[in-house]
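Asker: Structure supplied as entry_23.cif; contents: mmCIF, C-alpha atoms and all ligand atoms.
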```cif
data_coords
#
loop_
_atom_site.label_atom_id
_atom_site.label_comp_id
_atom_site.auth_asym_id
_atom_site.auth_seq_id
_atom_site.Cartn_x
_atom_site.Cartn_y
_atom_site.Cartn_z
CA MET A 79 7.10 0.19 27.08
CA VAL A 80 6.95 -3.45 26.01
CA ASN A 81 4.53 -3.83 23.14
CA SER A 82 1.76 -6.12 24.34
CA LEU A 83 1.76 -7.82 20.94
CA ALA A 84 5.24 -9.17 21.51
CA ARG A 85 4.18 -10.81 24.75
CA GLN A 86 1.87 -13.23 22.99
CA THR A 87 4.74 -14.89 21.13
CA GLN A 88 6.57 -16.37 24.10
CA PRO A 89 8.85 -19.39 23.75
CA SER A 90 7.26 -22.74 24.48
CA VAL A 91 8.19 -26.37 24.12
CA ALA A 92 6.89 -28.80 21.53
CA THR A 93 7.93 -32.16 20.15
CA SER A 94 9.72 -31.83 16.85
CA ARG A 95 8.23 -33.94 14.08
CA ILE A 96 11.65 -33.89 12.46
CA THR A 97 13.90 -34.87 15.34
CA GLY A 98 11.28 -36.41 17.65
CA LYS A 99 12.87 -34.48 20.53
CA ASN A 100 11.44 -31.83 22.77
CA MET A 101 12.60 -28.48 21.55
CA ALA A 102 12.18 -24.85 22.28
CA MET A 103 9.81 -23.66 19.54
CA HIS A 104 11.92 -20.61 19.15
CA THR A 105 14.74 -18.83 20.82
CA ASP A 106 14.21 -15.45 22.33
CA TYR A 107 16.60 -12.83 21.08
CA GLN A 108 18.30 -9.89 22.67
CA GLY A 109 16.62 -6.57 22.03
CA ARG A 110 13.13 -8.03 21.61
CA GLU A 111 11.48 -5.30 23.66
CA LYS A 112 13.25 -2.62 21.63
CA VAL A 113 12.09 -4.22 18.38
CA ALA A 114 8.47 -4.34 19.53
CA ALA A 115 8.58 -0.76 20.78
CA PHE A 116 10.29 0.61 17.65
CA PHE A 117 8.00 -0.99 15.07
CA GLY A 118 4.89 -0.40 17.18
CA ALA A 119 5.76 3.31 17.33
CA HIS A 120 6.57 3.66 13.61
CA ALA A 121 3.94 1.47 11.92
CA ALA A 122 1.36 4.20 11.31
CA ALA A 123 3.92 6.64 9.86
CA VAL A 124 5.33 3.90 7.61
CA ASP A 125 1.81 3.05 6.46
CA ARG A 126 1.21 6.72 5.59
CA CYS A 127 4.61 6.81 3.83
CA GLU A 128 5.79 9.63 6.09
CA SER A 129 8.75 7.41 6.78
CA ASP A 130 10.13 4.42 4.88
CA ILE A 131 11.38 1.05 6.00
CA ARG A 132 15.09 1.97 6.08
CA PRO A 133 15.33 3.21 9.70
CA GLY A 134 13.78 -0.09 10.82
CA ILE A 135 16.27 -2.13 8.81
CA ARG A 136 19.12 -0.04 10.21
CA MET A 137 17.86 -0.48 13.74
CA LEU A 138 17.67 -4.27 13.30
CA GLY A 139 21.17 -4.20 11.84
CA GLU A 140 22.47 -2.30 14.86
CA LEU A 141 20.97 -4.99 17.09
CA GLY A 142 22.63 -7.70 14.96
CA LEU A 143 19.26 -9.17 13.99
CA LEU A 144 19.41 -9.14 10.19
CA ASP A 145 21.50 -12.24 9.66
CA LEU A 146 20.43 -14.70 12.36
CA GLY A 147 20.88 -18.21 10.96
CA VAL A 148 23.31 -17.16 8.19
CA PRO A 149 24.88 -19.44 7.20
CA ASP A 150 24.13 -21.85 10.05
CA THR A 151 20.40 -22.34 10.62
CA THR A 152 20.80 -24.82 13.49
CA GLN A 153 20.65 -24.37 17.29
CA GLY A 154 17.50 -22.25 16.96
CA ARG A 155 19.31 -19.56 14.96
CA LEU A 156 16.85 -19.54 12.08
CA ALA A 157 14.02 -19.90 14.61
CA SER A 158 15.22 -16.70 16.27
CA MET A 159 15.20 -14.96 12.89
CA LEU A 160 11.61 -16.10 12.38
CA LEU A 161 10.68 -14.73 15.78
CA VAL A 162 12.16 -11.35 14.83
CA VAL A 163 10.16 -11.40 11.59
CA GLU A 164 6.96 -12.35 13.46
CA ASP A 165 7.46 -9.55 15.97
CA VAL A 166 8.09 -6.96 13.26
CA ALA A 167 5.09 -8.17 11.24
CA SER A 168 2.80 -8.05 14.25
CA ALA A 169 3.44 -4.31 14.27
CA CYS A 170 4.14 -3.50 10.59
CA LEU A 171 3.97 -5.83 7.61
CA SER A 172 5.73 -3.32 5.33
CA SER A 173 8.79 -3.49 7.57
CA ALA A 174 8.60 -7.28 7.88
CA PHE A 175 8.38 -7.65 4.11
CA ALA A 176 11.40 -5.39 3.64
CA LEU A 177 13.19 -7.45 6.29
CA TRP A 178 12.41 -10.63 4.32
CA ALA A 179 14.05 -9.11 1.24
CA GLN A 180 17.09 -7.89 3.20
CA ARG A 181 17.56 -11.25 4.92
CA MET A 182 17.26 -13.22 1.68
CA VAL A 183 19.88 -11.06 -0.05
CA ILE A 184 22.24 -11.59 2.90
CA ASP A 185 21.65 -15.32 2.50
CA TYR A 186 22.31 -15.26 -1.25
CA LEU A 187 25.56 -13.33 -0.94
CA SER A 188 26.96 -15.29 1.97
CA SER A 189 26.20 -18.66 0.40
CA SER A 190 27.43 -17.90 -3.10
CA ASP A 191 30.47 -19.74 -4.38
CA ARG A 192 31.59 -16.34 -5.71
CA PRO A 193 30.87 -14.20 -2.69
CA ALA A 194 30.59 -10.47 -3.18
CA SER A 195 33.09 -8.30 -1.40
CA THR A 196 33.11 -8.45 2.36
CA SER A 197 32.21 -4.79 2.50
CA GLU A 198 29.04 -5.42 0.46
CA LEU A 199 27.94 -8.15 2.85
CA ALA A 200 28.98 -6.14 5.89
CA GLY A 201 26.75 -3.23 4.81
CA LEU A 202 23.81 -5.55 4.24
CA ARG A 203 24.27 -7.22 7.61
CA ALA A 204 24.53 -3.84 9.32
CA GLY A 205 21.46 -2.51 7.51
CA THR A 206 23.41 0.40 6.04
CA ARG A 207 23.07 -1.10 2.54
CA ILE A 208 19.57 -2.13 1.44
CA GLY A 209 19.01 -5.44 -0.35
CA ALA A 210 16.26 -6.20 -2.87
CA THR A 211 15.32 -9.63 -4.20
CA ALA A 212 13.59 -9.79 -7.56
CA ILE A 213 13.29 -13.53 -7.22
CA ALA A 214 9.64 -14.19 -8.17
CA PRO A 215 10.40 -14.77 -11.88
CA ALA A 216 13.06 -17.33 -10.90
CA MET A 217 10.47 -19.36 -9.02
CA ARG A 218 8.09 -19.22 -11.98
CA HIS A 219 10.92 -20.17 -14.36
CA VAL A 220 12.04 -23.15 -12.32
CA ALA A 221 8.45 -24.35 -11.92
CA GLY A 222 8.14 -24.29 -15.72
CA LEU A 223 5.37 -21.66 -15.64
CA GLU A 224 7.08 -18.80 -17.46
CA PRO A 225 10.69 -18.00 -18.50
CA VAL A 226 12.60 -15.31 -16.62
CA PRO A 227 12.15 -12.11 -18.67
CA VAL A 228 15.69 -10.74 -18.19
CA VAL A 229 18.08 -12.06 -20.86
CA ALA A 230 21.81 -12.49 -20.24
CA THR A 231 24.56 -12.57 -22.85
CA ARG A 232 28.16 -13.40 -22.07
CA THR A 233 30.83 -10.74 -22.36
CA SER A 234 34.60 -10.89 -21.85
CA SER A 235 34.19 -9.65 -18.26
CA GLY A 236 30.92 -11.27 -17.18
CA VAL A 237 27.40 -10.86 -18.58
CA ARG A 238 25.21 -8.15 -20.12
CA LEU A 239 21.56 -7.96 -19.01
CA ASN A 240 18.50 -6.72 -20.85
CA GLY A 241 14.86 -6.94 -19.85
CA PRO A 242 12.23 -6.02 -17.28
CA ILE A 243 11.79 -6.71 -13.58
CA ASN A 244 8.04 -6.35 -13.13
CA TRP A 245 8.09 -6.02 -9.36
CA ALA A 246 10.63 -5.73 -6.61
CA SER A 247 10.67 -4.00 -3.25
CA ASN A 248 13.45 -2.14 -1.41
CA LEU A 249 14.42 -0.39 -4.66
CA PHE A 250 16.03 2.51 -2.84
CA ASP A 251 18.95 4.51 -4.19
CA ASP A 252 22.06 2.37 -4.38
CA ALA A 253 20.26 -0.76 -3.14
CA LEU A 254 21.76 -4.08 -4.14
CA VAL A 255 19.28 -6.10 -6.21
CA ALA A 256 19.47 -9.86 -6.76
CA VAL A 257 18.23 -10.48 -10.30
CA PRO A 258 17.57 -13.78 -12.09
CA ALA A 259 18.32 -13.90 -15.80
CA ARG A 260 18.36 -16.50 -18.58
CA PHE A 261 20.65 -17.21 -21.48
CA GLU A 262 19.25 -17.77 -24.96
CA ASP A 263 19.71 -21.52 -24.46
CA GLY A 264 17.18 -21.39 -21.58
CA SER A 265 19.68 -21.94 -18.74
CA GLY A 266 19.45 -19.49 -15.87
CA MET A 267 21.62 -17.50 -13.51
CA VAL A 268 21.40 -14.99 -10.66
CA VAL A 269 23.49 -11.83 -10.38
CA HIS A 270 23.47 -8.71 -8.30
CA VAL A 271 23.36 -5.17 -9.57
CA ARG A 272 22.94 -1.78 -7.93
CA THR A 273 19.92 0.39 -8.62
CA THR A 274 22.42 3.13 -9.54
CA ASP A 275 24.39 1.04 -12.07
CA PRO A 276 24.46 2.35 -15.67
CA GLY A 277 21.52 0.90 -17.61
CA VAL A 278 19.38 0.22 -14.52
CA THR A 279 16.18 2.30 -14.62
CA VAL A 280 13.96 2.11 -11.55
CA HIS A 281 10.49 3.34 -12.50
CA SER A 282 8.57 5.60 -10.17
CA ALA A 283 6.61 3.61 -7.62
CA PRO A 284 2.85 3.37 -8.11
CA ASP A 285 0.44 4.17 -5.27
CA LEU A 286 -0.29 0.93 -3.45
CA LEU A 287 -2.96 -0.39 -1.11
CA THR A 288 -0.17 -0.79 1.45
CA LEU A 289 3.65 -1.31 1.34
CA GLY A 290 3.97 2.24 -0.06
CA ALA A 291 7.06 2.74 2.13
CA THR A 292 8.89 -0.26 0.66
CA ALA A 293 9.97 1.37 -2.63
CA SER A 294 8.16 -1.34 -4.60
CA SER A 295 8.20 -0.79 -8.30
CA SER A 296 9.44 -2.08 -11.65
CA VAL A 297 12.86 -1.84 -13.26
CA THR A 298 14.16 -1.89 -16.83
CA LEU A 299 17.63 -3.24 -17.48
CA THR A 300 19.27 -1.92 -20.65
CA ASP A 301 22.72 -3.28 -21.53
CA VAL A 302 23.68 -3.57 -17.87
CA GLU A 303 27.27 -4.83 -17.63
CA VAL A 304 27.70 -7.26 -14.73
CA PRO A 305 31.22 -8.38 -13.78
CA ALA A 306 31.84 -12.08 -13.14
CA ALA A 307 32.39 -11.29 -9.44
CA ALA A 308 28.72 -10.25 -9.16
CA ILE A 309 27.40 -13.57 -10.48
CA LEU A 310 25.78 -15.38 -7.56
CA SER A 311 24.92 -18.60 -9.35
CA GLU A 312 24.81 -20.12 -12.82
CA ASP A 313 22.53 -22.89 -11.63
CA LEU A 314 19.09 -21.31 -11.33
CA PRO A 315 17.20 -24.47 -10.27
CA GLY A 316 19.88 -25.22 -7.66
CA PHE A 317 19.78 -21.65 -6.43
CA VAL A 318 15.99 -21.68 -6.01
CA ARG A 319 16.14 -25.11 -4.38
CA SER A 320 18.73 -24.01 -1.86
CA PHE A 321 16.93 -20.84 -0.73
CA ARG A 322 13.32 -21.88 -1.01
CA PRO A 323 12.97 -23.41 2.50
CA THR A 324 14.27 -20.27 4.23
CA LEU A 325 12.32 -18.00 1.89
CA LEU A 326 9.06 -19.84 2.56
CA LEU A 327 9.67 -19.95 6.31
CA ILE A 328 10.36 -16.22 6.56
CA GLN A 329 7.28 -15.47 4.47
CA SER A 330 5.24 -17.76 6.71
CA ALA A 331 6.66 -15.94 9.73
CA TYR A 332 5.40 -12.54 8.59
CA CYS A 333 1.99 -14.07 7.85
CA SER A 334 1.99 -15.54 11.36
CA GLY A 335 3.03 -12.24 12.95
CA LEU A 336 0.16 -10.44 11.25
CA THR A 337 -2.26 -13.17 12.38
CA GLY A 338 -0.95 -12.86 15.93
CA ALA A 339 -1.70 -9.13 15.99
CA SER A 340 -5.28 -9.63 14.78
CA ARG A 341 -5.72 -12.57 17.14
CA HIS A 342 -4.69 -10.40 20.04
CA HIS A 343 -7.20 -7.69 19.11
CA ILE A 344 -10.04 -10.14 18.47
CA GLY A 345 -9.39 -11.86 21.81
CA GLU A 346 -10.00 -8.58 23.62
CA ARG A 347 -13.42 -8.05 22.03
CA LEU A 348 -15.35 -11.27 22.36
CA THR A 349 -17.93 -9.90 24.75
CA GLY A 350 -21.56 -8.84 24.21
CA LEU A 351 -22.72 -9.52 20.65
CA ASN A 352 -19.16 -10.45 19.69
CA ALA A 353 -19.47 -13.56 21.87
CA GLU A 354 -21.16 -14.98 18.75
CA PHE A 355 -17.68 -15.23 17.27
CA THR A 356 -16.19 -17.30 20.08
CA ASP A 357 -16.11 -20.51 18.03
CA ASP A 358 -14.68 -18.75 14.98
CA PHE A 359 -11.97 -17.32 17.21
CA ALA A 360 -11.19 -20.73 18.71
CA GLU A 361 -10.81 -22.24 15.22
CA LEU A 362 -8.63 -19.36 14.15
CA ALA A 363 -6.45 -19.72 17.24
CA GLN A 364 -6.07 -23.44 16.52
CA ARG A 365 -4.99 -22.78 12.94
CA HIS A 366 -2.56 -20.10 14.08
CA ASP A 367 -1.08 -22.40 16.72
CA SER A 368 -0.65 -25.08 14.07
CA VAL A 369 1.11 -22.61 11.76
CA ARG A 370 3.47 -21.55 14.55
CA ARG A 371 4.18 -25.11 15.65
CA ARG A 372 5.14 -26.12 12.11
CA LEU A 373 7.03 -22.88 11.51
CA PHE A 374 9.37 -23.32 14.45
CA ASP A 375 9.58 -27.07 13.98
CA PHE A 376 10.67 -26.79 10.33
CA ALA A 377 13.12 -24.04 11.27
CA GLN A 378 15.18 -26.61 13.20
CA ALA A 379 16.13 -28.32 9.92
CA PRO A 380 14.68 -26.42 6.95
CA HIS A 381 16.27 -28.62 4.30
CA ARG A 382 14.94 -31.77 5.88
CA SER A 383 11.36 -30.53 5.67
CA SER A 384 9.55 -31.71 2.56
CA SER A 385 8.60 -29.22 -0.16
CA ARG A 386 5.02 -30.22 0.30
CA ASP A 387 5.06 -29.45 4.04
CA LEU A 388 6.73 -26.07 3.46
CA LEU A 389 4.31 -25.09 0.70
CA ARG A 390 1.33 -26.14 2.81
CA LEU A 391 2.66 -24.12 5.71
CA ARG A 392 3.10 -21.01 3.55
CA LEU A 393 -0.38 -21.37 2.04
CA GLY A 394 -1.97 -22.01 5.44
CA ALA A 395 -0.10 -19.11 7.04
CA ALA A 396 -1.27 -16.64 4.39
CA ARG A 397 -4.86 -17.85 4.44
CA THR A 398 -5.00 -17.74 8.25
CA ALA A 399 -3.76 -14.14 8.17
CA GLY A 400 -6.55 -13.26 5.73
CA GLU A 401 -9.14 -14.87 7.99
CA ALA A 402 -7.72 -13.25 11.12
CA THR A 403 -7.69 -9.73 9.71
CA GLY A 404 -11.23 -10.24 8.37
CA LEU A 405 -12.49 -11.41 11.75
CA GLU A 406 -10.73 -8.55 13.47
CA ALA A 407 -12.51 -6.08 11.18
CA THR A 408 -15.83 -7.79 11.90
CA VAL A 409 -15.56 -7.63 15.68
CA ARG A 410 -14.01 -4.16 15.67
CA GLY A 411 -16.92 -2.58 13.81
CA GLY A 412 -16.94 0.98 12.47
CA ALA A 413 -13.80 2.02 14.34
CA GLY A 414 -11.86 -0.57 12.35
CA TYR A 415 -13.21 0.88 9.11
CA VAL A 416 -11.54 4.22 9.81
CA ALA A 417 -8.71 4.36 7.28
CA SER A 418 -6.06 5.26 9.86
CA SER A 419 -6.92 2.40 12.23
CA GLY A 420 -4.60 -0.53 12.83
CA THR A 421 -7.47 -2.84 11.92
CA SER A 422 -7.82 -1.33 8.45
CA ARG A 423 -4.06 -1.37 7.98
CA ARG A 424 -3.91 -5.07 8.80
CA LEU A 425 -6.76 -5.80 6.36
CA ARG A 426 -4.82 -4.03 3.61
CA GLU A 427 -1.59 -5.75 4.63
CA ALA A 428 -3.22 -9.17 4.45
CA ALA A 429 -4.49 -8.40 0.93
CA PHE A 430 -0.87 -8.58 -0.23
CA LEU A 431 -0.24 -12.12 0.97
CA PRO A 432 -2.09 -14.10 -1.76
CA ILE A 433 -0.28 -12.16 -4.51
CA GLN A 434 3.22 -12.39 -3.10
CA ALA A 435 5.27 -15.02 -4.92
CA PRO A 436 4.78 -17.87 -4.57
CA THR A 437 1.24 -16.57 -5.03
CA GLU A 438 -1.78 -18.44 -3.75
CA GLY A 439 -2.40 -19.62 -7.32
CA GLN A 440 1.18 -20.93 -7.56
CA LEU A 441 1.04 -22.60 -4.15
CA ARG A 442 -2.19 -24.39 -5.01
CA TRP A 443 -0.77 -25.42 -8.38
CA HIS A 444 2.42 -26.78 -6.75
CA LEU A 445 0.46 -28.67 -4.11
CA ALA A 446 -1.85 -30.15 -6.75
CA GLN A 447 1.25 -31.73 -8.40
CA PHE A 448 1.69 -33.89 -5.27
CA GLU A 449 -1.79 -35.41 -5.61
C1 LIG B 1 3.84 -4.32 -3.86
C2 LIG B 1 4.55 -5.50 -4.42
C3 LIG B 1 5.83 -5.76 -4.04
C4 LIG B 1 6.51 -6.86 -4.58
N1 LIG B 1 7.79 -7.10 -4.19
C5 LIG B 1 8.46 -8.17 -4.69
C6 LIG B 1 9.79 -8.46 -4.32
O1 LIG B 1 10.42 -7.76 -3.54
N2 LIG B 1 10.38 -9.55 -4.85
C7 LIG B 1 9.73 -10.35 -5.73
O2 LIG B 1 10.32 -11.35 -6.15
N3 LIG B 1 8.47 -10.11 -6.11
C8 LIG B 1 7.82 -9.04 -5.63
N4 LIG B 1 6.54 -8.78 -6.04
C9 LIG B 1 5.92 -9.64 -7.05
C10 LIG B 1 5.12 -10.74 -6.38
O3 LIG B 1 6.00 -11.60 -5.70
C11 LIG B 1 4.35 -11.53 -7.43
O4 LIG B 1 5.23 -12.06 -8.35
C12 LIG B 1 3.39 -10.67 -8.17
O5 LIG B 1 2.59 -9.96 -7.25
C13 LIG B 1 2.50 -11.53 -9.00
O6 LIG B 1 1.65 -10.63 -9.67
P1 LIG B 1 1.55 -10.63 -11.24
O7 LIG B 1 0.51 -9.68 -11.61
O8 LIG B 1 2.89 -10.53 -11.83
O9 LIG B 1 0.95 -12.06 -11.34
P2 LIG B 1 1.07 -13.16 -12.42
O10 LIG B 1 2.03 -14.19 -11.93
O11 LIG B 1 1.21 -12.59 -13.76
O12 LIG B 1 -0.40 -13.72 -12.23
C14 LIG B 1 -1.57 -12.96 -12.53
C15 LIG B 1 -2.73 -13.92 -12.49
O13 LIG B 1 -2.54 -14.94 -13.48
C16 LIG B 1 -2.49 -16.24 -12.86
N5 LIG B 1 -1.43 -17.00 -13.53
C17 LIG B 1 -0.11 -16.94 -13.30
N6 LIG B 1 0.56 -17.78 -14.10
C18 LIG B 1 -0.38 -18.38 -14.86
C19 LIG B 1 -0.33 -19.37 -15.89
N7 LIG B 1 0.84 -19.91 -16.29
N8 LIG B 1 -1.50 -19.76 -16.45
C20 LIG B 1 -2.67 -19.23 -16.05
N9 LIG B 1 -2.77 -18.31 -15.08
C21 LIG B 1 -1.65 -17.89 -14.50
C22 LIG B 1 -2.18 -15.99 -11.40
O14 LIG B 1 -2.68 -17.01 -10.55
C23 LIG B 1 -2.86 -14.67 -11.15
O15 LIG B 1 -4.21 -14.84 -10.85
C24 LIG B 1 5.85 -7.70 -5.51
C25 LIG B 1 4.54 -7.43 -5.89
C26 LIG B 1 3.88 -6.35 -5.36
C27 LIG B 1 2.46 -6.09 -5.78
#
```
Give the structure from the file, written as C-alpha cells.

Answerer:
Amino acid sequence: MVNSLARQTQPSVATSRITGKNMAMHTDYQGREKVAAFFGAHAAAVDRCESDIRPGIRMLGELGLLDLGVPDTTQGRLASMLLVVEDVASACLSSAFALWAQRMVIDYLSSSDRPASTSELAGLRAGTRIGATAIAPAMRHVAGLEPVPVVATRTSSGVRLNGPINWASNLFDDALVAVPARFEDGSGMVVHVRTTDPGVTVHSAPDLLTLGATASSSVTLTDVEVPAAAILSEDLPGFVRSFRPTLLLIQSAYCSGLTGASRHHIGERLTGLNAEFTDDFAELAQRHDSVRRRLFDFAQAPHRSSSRDLLRLRLGAARTAGEATGLEATVRGGAGYVASSGTSRRLREAAFLPIQAPTEGQLRWHLAQFE
C-alpha cells in the first residue's frame, strides 16, 4: 500500500532563485513507495521503543538511499536525499533524526582529507554500521558561545581525548561517533571513535518525551586513544562551515516532513466547527509551501545559499512544524490526546525541534547578528 502521506510530496517545478532557471523542486527516488510503507508501518512501535531505528537505517541502506548527494550534491542528488528525509519524517521523526545523523557521518568521512577505511564508509553507506554525530558543541564553539568540552592532547600516534559529550543520538553498540574536541590552545578538531573503544563510556539513556528508540544519551571519554587515521579535520571552523549547509537542509527537511503529515491530517478535518480553522490552515499551508520551495531551491547549490537564508529556513521550518502539530491536535480533538495516537506522537516529536542544535535560541541569536 502506498502511504497517502508520501503522495502529498510530489515533484513540481519552480524557478530557482539561485540559478534563475526552471527546475524540478526535487527528484523522485527509486523505492519511494517502500520507504513510505516501511516507516508508516513501524512508526508506532518505534515510538513505543518496541523497536529501534536500526532496521529503518538498514532498509534505507539496502535501497541505496543513505548517501544521495555524497559527495556531489548537484543534479538534484541532495534534493532527492531531502525528499527521502521528508518522507521518513512524515511517518516517524525518530527515524528521520537518526537518518540525519547517519547521513552527516557519511558526509564527514567521505569528505575528509584523511578518509577512514573504505570498509568503515561502506558499512555506513549500507546501514550496517550506525553513525552518530555529536556535533552540537562544535557549532557552539565556532559561534563563540561556549568551548567544546572534550579536550585533546597530542600523542605519538594521534590524540588522546578526555571530557563529556552531553548529548548524542544513535549511540548503539559499536556505532561510529564523530566527536569535536579542542586543544589547550583553543584550536579545534574532529575525530571519530567507536562507542566500544576503550575509555568510551556511553551512559544509560534517559526516558524521553520521544526519540526513545534513537539511543540518545551522554558519553564520557576517559583517555581515549585516537589514531591519526581517525582524525577527520584539524580545522574546526572550516569543518563546521563545510557541513553546515547540508546539515541545516536535512534538518529543515525533517521539519518539513513532519509539517506535511500534520497538514495532511488537518486538511481532512476542516468541516463542521473545524471550518473555523480554514484561514489558519491556509496560512500554514502557505508557510509550508514556502519552506519546501526554499528547501529544494537551496539544495541545488547549498554552498551558494547565504548563511542567513539557510538559518532562516531552518528556523521557519521548525516553527512551522510546531504550529502544524498544534493545529492538528486542535482539530483532532480528544482522539488526538490519546497517548498512542499519531497526533500526540507528532506533538511530542515537534517539541524536539526548538532544542535540537542549532537550537531556536541559537538560530535567533545568529540571525540577530545580521541586523
Ligand atoms: C534527545 C536528544 C538527542 C540529541 N541528539 C543529538 C545528536 O545526535 N547530535 C548533537 O549534536 N546533539 C544532539 N542533541 C543535543 C541538541 O542538539 C542540543 O545541543 C541540546 O538539546 C541543547 O540542550 P542543552 O540543554 O544542552 O542546551 P544549552 O545549549 O545548554 O541551552 C540551555 C538554555 O540556555 C540557553 N543558552 C545557551 N547558550 C547560552 C548562552 N551562551 N547564554 C545564555 N543562554 C544560553 C539556550 O537558549 C537554552 O534556553 C540531542 C539532544 C536531545 C535532547

Asker: With distances taken over only C-alpha atoms and all ligand atoms, which residue among A:Leu254, A:Leu336, A:Ala123, A:Val416 lies nearest ligand LIG 1 (chain B)?

Answerer: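 Closest to ligand LIG 1 (chain B), using only C-alpha atoms and all ligand atoms: A:Leu254.
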
Asker: Considering only C-alpha atoms and all ligand atoms, tabulate each residue of chain A that lies at most 8 Å from ligand LIG 1 (chain B) along with its nearest interatomic pair and the corresponding distance in Å to one decimal; arrange the rows by chain and ascending residue number and present them as a Markdown table.

Answerer:
```
| residue | atom | partner | partner_atom | distance |
| --- | --- | --- | --- | --- |
| A:Phe175 | CA | B:LIG1 | O1 | 7.9 |
| A:Ala176 | CA | B:LIG1 | O1 | 7.6 |
| A:Ala179 | CA | B:LIG1 | O1 | 6.2 |
| A:Ala210 | CA | B:LIG1 | O1 | 6.1 |
| A:Thr211 | CA | B:LIG1 | N2 | 5.0 |
| A:Ala212 | CA | B:LIG1 | O2 | 3.9 |
| A:Ile213 | CA | B:LIG1 | O2 | 3.8 |
| A:Ala214 | CA | B:LIG1 | O2 | 3.6 |
| A:Pro215 | CA | B:LIG1 | O2 | 6.7 |
| A:Arg218 | CA | B:LIG1 | O10 | 7.9 |
| A:Leu223 | CA | B:LIG1 | N7 | 4.9 |
| A:Glu224 | CA | B:LIG1 | N7 | 6.4 |
| A:Asn244 | CA | B:LIG1 | O8 | 6.8 |
| A:Trp245 | CA | B:LIG1 | N4 | 4.6 |
| A:Ala246 | CA | B:LIG1 | C6 | 3.7 |
| A:Ser247 | CA | B:LIG1 | O1 | 3.8 |
| A:Asn248 | CA | B:LIG1 | O1 | 6.7 |
| A:Leu286 | CA | B:LIG1 | C1 | 6.7 |
| A:Thr288 | CA | B:LIG1 | C1 | 7.5 |
| A:Leu289 | CA | B:LIG1 | C1 | 6.0 |
| A:Gly290 | CA | B:LIG1 | C1 | 7.6 |
| A:Thr292 | CA | B:LIG1 | C3 | 7.9 |
| A:Ser294 | CA | B:LIG1 | C3 | 5.0 |
| A:Ser295 | CA | B:LIG1 | C3 | 7.0 |
| A:Phe430 | CA | B:LIG1 | C27 | 6.9 |
| A:Ile433 | CA | B:LIG1 | O5 | 4.5 |
| A:Gln434 | CA | B:LIG1 | O3 | 3.9 |
| A:Ala435 | CA | B:LIG1 | O3 | 3.6 |
| A:Pro436 | CA | B:LIG1 | O3 | 6.5 |
| A:Thr437 | CA | B:LIG1 | C11 | 6.4 |
| A:Glu438 | CA | B:LIG1 | O14 | 7.0 |
| A:Gly439 | CA | B:LIG1 | O14 | 4.2 |
| A:Gln440 | CA | B:LIG1 | O14 | 6.3 |
```

Asker: Tell me which of A:Trp178, A:Leu171, A:Glu361, A:Ile309 sits closest to Leu431 in chain A, counting only C-alpha atoms.

Answerer: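 Nearest to Leu431 in chain A: A:Leu171.
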
Asker: Which residue out of A:Arg410, A:Arg110, A:His270, A:Arg371 has the minimum interatomic distance to Pro258 in chain A when only C-alpha atoms are used?

Answerer: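 Ranking A:Arg410, A:Arg110, A:His270, A:Arg371 by distance to Pro258 in chain A, first place goes to A:His270.
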
Asker: If you count all atoms listed in the file, which residues fall within 9 Å of Ala396 in chain A, apart from same-chain ones fewer than 6 positions away, as number ranges by chain?

Answerer: A: 329-330, 332-334, 337, 428, 431-432, 438

Asker: Between CA of Gln108 in chain A and CA of Ile184 in chain A, what distance in Å does the model show, to one decimal?

Answerer: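 CA of Ile184 in chain A lies at a distance of 20.2 Å from CA of Gln108 in chain A.
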
Asker: Need the shell around Leu393 in chain A: protein/DNA/RNA residues with any atom at most 7 Å away, counting all atoms listed in the file. Skip same-chain ones fewer than 4 positions apart. Format as JSON, numbers by chain?

Answerer: {"A": [389, 397, 438, 441]}

Asker: I need the residue nearest Ala339 in chain A from this list: A:Ala399, A:Ala121, A:Leu156, A:Val226. Use all atoms listed in the file for the distance.

Answerer: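 Under the stated criterion, the closest residue is A:Ala399.
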
Asker: Which residues, written as a list of chain:residue names, have at least one atom at most 9 Å from Ala204 in chain A, with only C-alpha atoms counted and residues fewer than 5 positions away on the same chain left out?

Answerer: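 Selected residues are A:Ile135, A:Arg136, A:Met137, A:Leu138, A:Gly139, A:Glu140, A:Leu141, A:Gly142, A:Leu143, A:Leu144, A:Asp145, A:Leu199.
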
Asker: Under the rule that only C-alpha atoms are counted, which of A:Gln180, A:Ser385, A:Thr421, A:Gln364 is the nearest residue to Ile208 in chain A?

Answerer: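 Smallest distance to Ile208 in chain A is found for A:Gln180.
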
Asker: CA of Phe359 in chain A and CA of Gly394 in chain A are how many Å apart?

Answerer: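 Taking CA of Phe359 in chain A as the start and CA of Gly394 in chain A as the end point, the length is 16.1 Å.
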